[in-house]
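So this block is model-v8.txt, compact mmCIF, C-alpha atoms:
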```
# COMPACT_ATOMS: atom_id res chain seq x y z
CA MET A 56 -3.89 -32.62 -19.96
CA THR A 57 -6.77 -33.43 -17.62
CA GLU A 58 -6.98 -36.72 -15.72
CA HIS A 59 -9.89 -37.73 -17.96
CA GLU A 60 -7.81 -37.08 -21.12
CA LEU A 61 -4.89 -38.99 -19.60
CA GLN A 62 -7.23 -41.87 -18.78
CA ASN A 63 -8.53 -42.05 -22.34
CA SER A 64 -5.02 -42.00 -23.83
CA ILE A 65 -3.79 -44.70 -21.41
CA ILE A 66 -6.80 -46.91 -22.22
CA GLN A 67 -6.23 -46.52 -25.97
CA TYR A 68 -2.51 -47.27 -25.60
CA LEU A 69 -3.11 -50.40 -23.50
CA GLU A 70 -5.74 -51.68 -25.90
CA LEU A 71 -3.27 -51.24 -28.78
CA LYS A 72 -0.86 -53.36 -26.73
CA LYS A 73 -3.56 -56.11 -26.54
CA PHE A 74 -4.61 -55.50 -22.93
CA TYR A 75 -8.20 -55.80 -21.81
CA VAL A 76 -8.89 -52.61 -19.85
CA MET A 77 -11.64 -51.87 -17.35
CA ARG A 78 -12.35 -48.49 -15.83
CA LEU A 79 -13.11 -48.98 -12.13
CA ASN A 80 -15.55 -46.42 -10.83
CA SER A 81 -14.82 -46.08 -7.15
CA GLY A 82 -16.58 -42.83 -6.35
CA VAL A 83 -19.80 -42.18 -4.51
CA ILE A 84 -23.06 -41.45 -6.31
CA PRO A 85 -26.42 -40.24 -5.02
CA SER A 86 -29.30 -42.71 -4.99
CA PHE A 87 -32.91 -42.38 -3.90
CA TYR A 88 -34.53 -45.06 -1.77
CA LYS A 89 -38.03 -44.65 -0.37
CA GLY A 90 -37.90 -40.94 -1.18
CA LYS A 91 -34.64 -40.33 0.69
CA GLN A 92 -31.31 -39.54 -0.90
CA ARG A 93 -28.46 -41.84 0.06
CA MET A 94 -24.91 -42.10 -1.17
CA ILE A 95 -23.74 -45.39 -2.70
CA ARG A 96 -20.04 -46.30 -2.93
CA LEU A 97 -19.38 -48.17 -6.18
CA SER A 98 -16.28 -50.01 -4.91
CA LYS A 99 -13.83 -49.91 -2.00
CA LYS A 100 -12.35 -46.54 -1.15
CA GLY A 101 -8.93 -46.17 -2.77
CA THR A 102 -9.63 -48.51 -5.69
CA PRO A 103 -7.32 -47.66 -8.63
CA ASP A 104 -8.76 -46.02 -11.75
CA LEU A 105 -8.00 -48.83 -14.20
CA MET A 106 -7.53 -52.58 -14.24
CA ALA A 107 -5.72 -54.02 -17.25
CA PHE A 108 -4.74 -57.59 -18.04
CA SER A 109 -3.33 -59.67 -20.84
CA LYS A 110 -1.99 -63.16 -21.30
CA LYS A 111 1.66 -63.51 -20.44
CA GLN A 112 3.81 -64.28 -23.46
CA ASN A 113 3.67 -67.96 -24.45
CA ALA A 114 1.01 -68.63 -21.80
CA MET A 115 -0.98 -71.80 -22.35
CA SER A 116 -3.44 -71.28 -19.48
CA ILE A 117 -6.11 -68.61 -19.13
CA TRP A 118 -4.95 -68.18 -15.52
CA ASN A 119 -1.44 -67.11 -16.57
CA LEU A 120 -2.23 -63.39 -16.80
CA LYS A 121 -0.37 -60.14 -16.44
CA LEU A 122 -2.61 -58.08 -14.12
CA ILE A 123 -2.03 -54.35 -13.60
CA PHE A 124 -3.95 -51.80 -11.55
CA ILE A 125 -3.31 -48.20 -12.53
CA GLU A 126 -3.96 -45.04 -10.54
CA LEU A 127 -3.93 -42.04 -12.87
CA LYS A 128 -2.71 -38.64 -11.74
CA VAL A 129 -1.94 -35.44 -13.59
CA PRO A 130 1.72 -34.34 -13.29
CA GLY A 131 2.42 -32.89 -9.87
CA LYS A 132 -0.32 -34.90 -8.11
CA ASN A 133 0.29 -37.98 -5.95
CA ALA A 134 -1.82 -40.93 -4.82
CA GLU A 135 -3.89 -40.43 -1.67
CA PRO A 136 -3.09 -42.55 1.44
CA GLU A 137 -6.22 -44.71 0.87
CA GLN A 138 -5.08 -45.37 -2.71
CA ILE A 139 -1.57 -46.36 -1.59
CA GLU A 140 -3.02 -48.78 1.00
CA MET A 141 -5.36 -50.34 -1.57
CA MET A 142 -2.47 -50.83 -4.02
CA LYS A 143 -0.43 -52.55 -1.28
CA GLU A 144 -3.38 -54.87 -0.61
CA LEU A 145 -3.74 -55.72 -4.31
CA GLU A 146 -0.01 -56.38 -4.61
CA ARG A 147 -0.23 -58.90 -1.76
CA PHE A 148 -2.52 -60.87 -4.10
CA GLY A 149 0.02 -60.76 -6.95
CA ALA A 150 -1.15 -57.76 -8.96
CA LYS A 151 1.17 -55.06 -10.21
CA CYS A 152 0.06 -51.57 -9.10
CA VAL A 153 1.41 -48.28 -10.42
CA VAL A 154 0.69 -44.57 -10.26
CA ILE A 155 0.94 -43.13 -13.77
CA HIS A 156 1.25 -39.51 -14.89
CA SER A 157 1.86 -40.12 -18.63
CA ILE A 158 2.12 -42.79 -21.32
CA THR A 159 5.90 -42.43 -21.20
CA GLU A 160 5.87 -43.26 -17.48
CA LEU A 161 3.65 -46.29 -18.18
CA GLN A 162 6.12 -47.50 -20.81
CA GLU A 163 9.10 -47.02 -18.46
CA LEU A 164 7.53 -48.61 -15.38
CA LEU A 165 5.93 -51.58 -17.11
CA GLY A 166 8.09 -52.07 -20.18
CA ILE A 167 5.09 -52.03 -22.52
```

I'd like the structure from this file rewritten - as structure tokens, please.
Amino acid sequence: MTEHELQNSIIQYLELKKFYVMRLNSGVIPSFYKGKQRMIRLSKKGTPDLMAFSKKQNAMSIWNLKLIFIELKVPGKNAEPEQIEMMKELERFGAKCVVIHSITELQELLGI
């Protein structure tokens, strides 16, 4: 399974579980400004692949959310140092961050 196929299956699974899922493009793309090519970074280096959130069970406030950032990797691959640092930063703000290699791993780590 490619990382793209894994991403699509994880998104579909989370949406079935009533999560709102956003794909976070953090790569660099070429752009042309005044005839010169420049590279534009879409978000901070190390940003996880997905952000997913849902209301916590029995939550009465829109601010009572379960927030998860997910870095997707094919089996045998690990998160890069920049990705690990970014996940630590996000966790300091209360988010849950995980590196996922399969739906089964997602279910085990998050209980969903």

Checklist entry - What's the 8 Å shell around A:Phe108, counting only C-alpha atoms, without same-chain residues fewer than 3 positions away, as a list in words? => result Phe74, Tyr75, Val76, Leu120, Lys121, Leu122 and Ile123 of chain A

Checklist entry - In Å, with one decimal, what is the gap from atom CA of A:Lys72 to atom CA of A:Val153? => result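 Spanning atom CA of A:Lys72 to atom CA of A:Val153 is a straight-line distance of 17.2 Å.
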
Next on the checklist: Could you check the closest approach to A:Glu135 for each of A:Lys99, A:Val154, A:Lys111, A:His59 and tell me which residue wins, using only C-alpha atoms?
Outcome noted: A:Val154

Item to check | Coordinates-based distance that separates atom CA of A:Ile155 from atom CA of A:Gly131 (Å, one decimal) | outcome: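 Answer for the atom CA of A:Gly131 to atom CA of A:Ile155 separation: 11.1 Å.
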
Find the residues around A:Lys100 up to 12 Å (all atoms listed in the file counted), leave out those fewer than 4 positions away in its own chain, and share them as a PDB file with C-alpha atoms, keeping the file's coordinate frame.
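Final file, selection_30.pdb:
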```
ATOM      1  CA  LEU A  79     -13.110 -48.980 -12.130  1.00  0.00           C
ATOM      2  CA  ASN A  80     -15.550 -46.420 -10.830  1.00  0.00           C
ATOM      3  CA  SER A  81     -14.820 -46.080  -7.150  1.00  0.00           C
ATOM      4  CA  GLY A  82     -16.580 -42.830  -6.350  1.00  0.00           C
ATOM      5  CA  VAL A  83     -19.800 -42.180  -4.510  1.00  0.00           C
ATOM      6  CA  ILE A  95     -23.740 -45.390  -2.700  1.00  0.00           C
ATOM      7  CA  ARG A  96     -20.040 -46.300  -2.930  1.00  0.00           C
ATOM      8  CA  ASP A 104      -8.760 -46.020 -11.750  1.00  0.00           C
ATOM      9  CA  GLU A 135      -3.890 -40.430  -1.670  1.00  0.00           C
ATOM     10  CA  PRO A 136      -3.090 -42.550   1.440  1.00  0.00           C
ATOM     11  CA  GLU A 137      -6.220 -44.710   0.870  1.00  0.00           C
ATOM     12  CA  GLN A 138      -5.080 -45.370  -2.710  1.00  0.00           C
ATOM     13  CA  ILE A 139      -1.570 -46.360  -1.590  1.00  0.00           C
ATOM     14  CA  GLU A 140      -3.020 -48.780   1.000  1.00  0.00           C
ATOM     15  CA  MET A 141      -5.360 -50.340  -1.570  1.00  0.00           C
ATOM     16  CA  MET A 142      -2.470 -50.830  -4.020  1.00  0.00           C
TER      17      MET A 142
END
```

Next on the checklist: Just checking: using only C-alpha atoms, which residue out of A:Gly101, A:Glu60, A:Ser109, A:Lys91 ends up closest to A:Glu144?
Outcome noted: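 Checking each candidate against A:Glu144, we get A:Gly101 as the closest.
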
Checklist outcome for this item: Taken to one decimal, the atom CA of A:Pro130-atom CA of A:Ser157 distance is 7.9 Å

Let me know the centre plus edge lengths, in Å and rounded to one decimal, of a box with edges along x, y and z that contains all listed atoms of stretch 131-138 of chain A and is padded by 4 Å on every side, as JSON.
```
{"center_x": -1.9, "center_y": -39.1, "center_z": -4.2, "size_x": 16.6, "size_y": 20.5, "size_z": 19.3}
```

Checklist entry - Quick one: of A:Arg93, A:Lys143, A:Lys73, A:Arg78, who's nearest to A:Leu105, counting all atoms listed in the file? => result A:Arg78
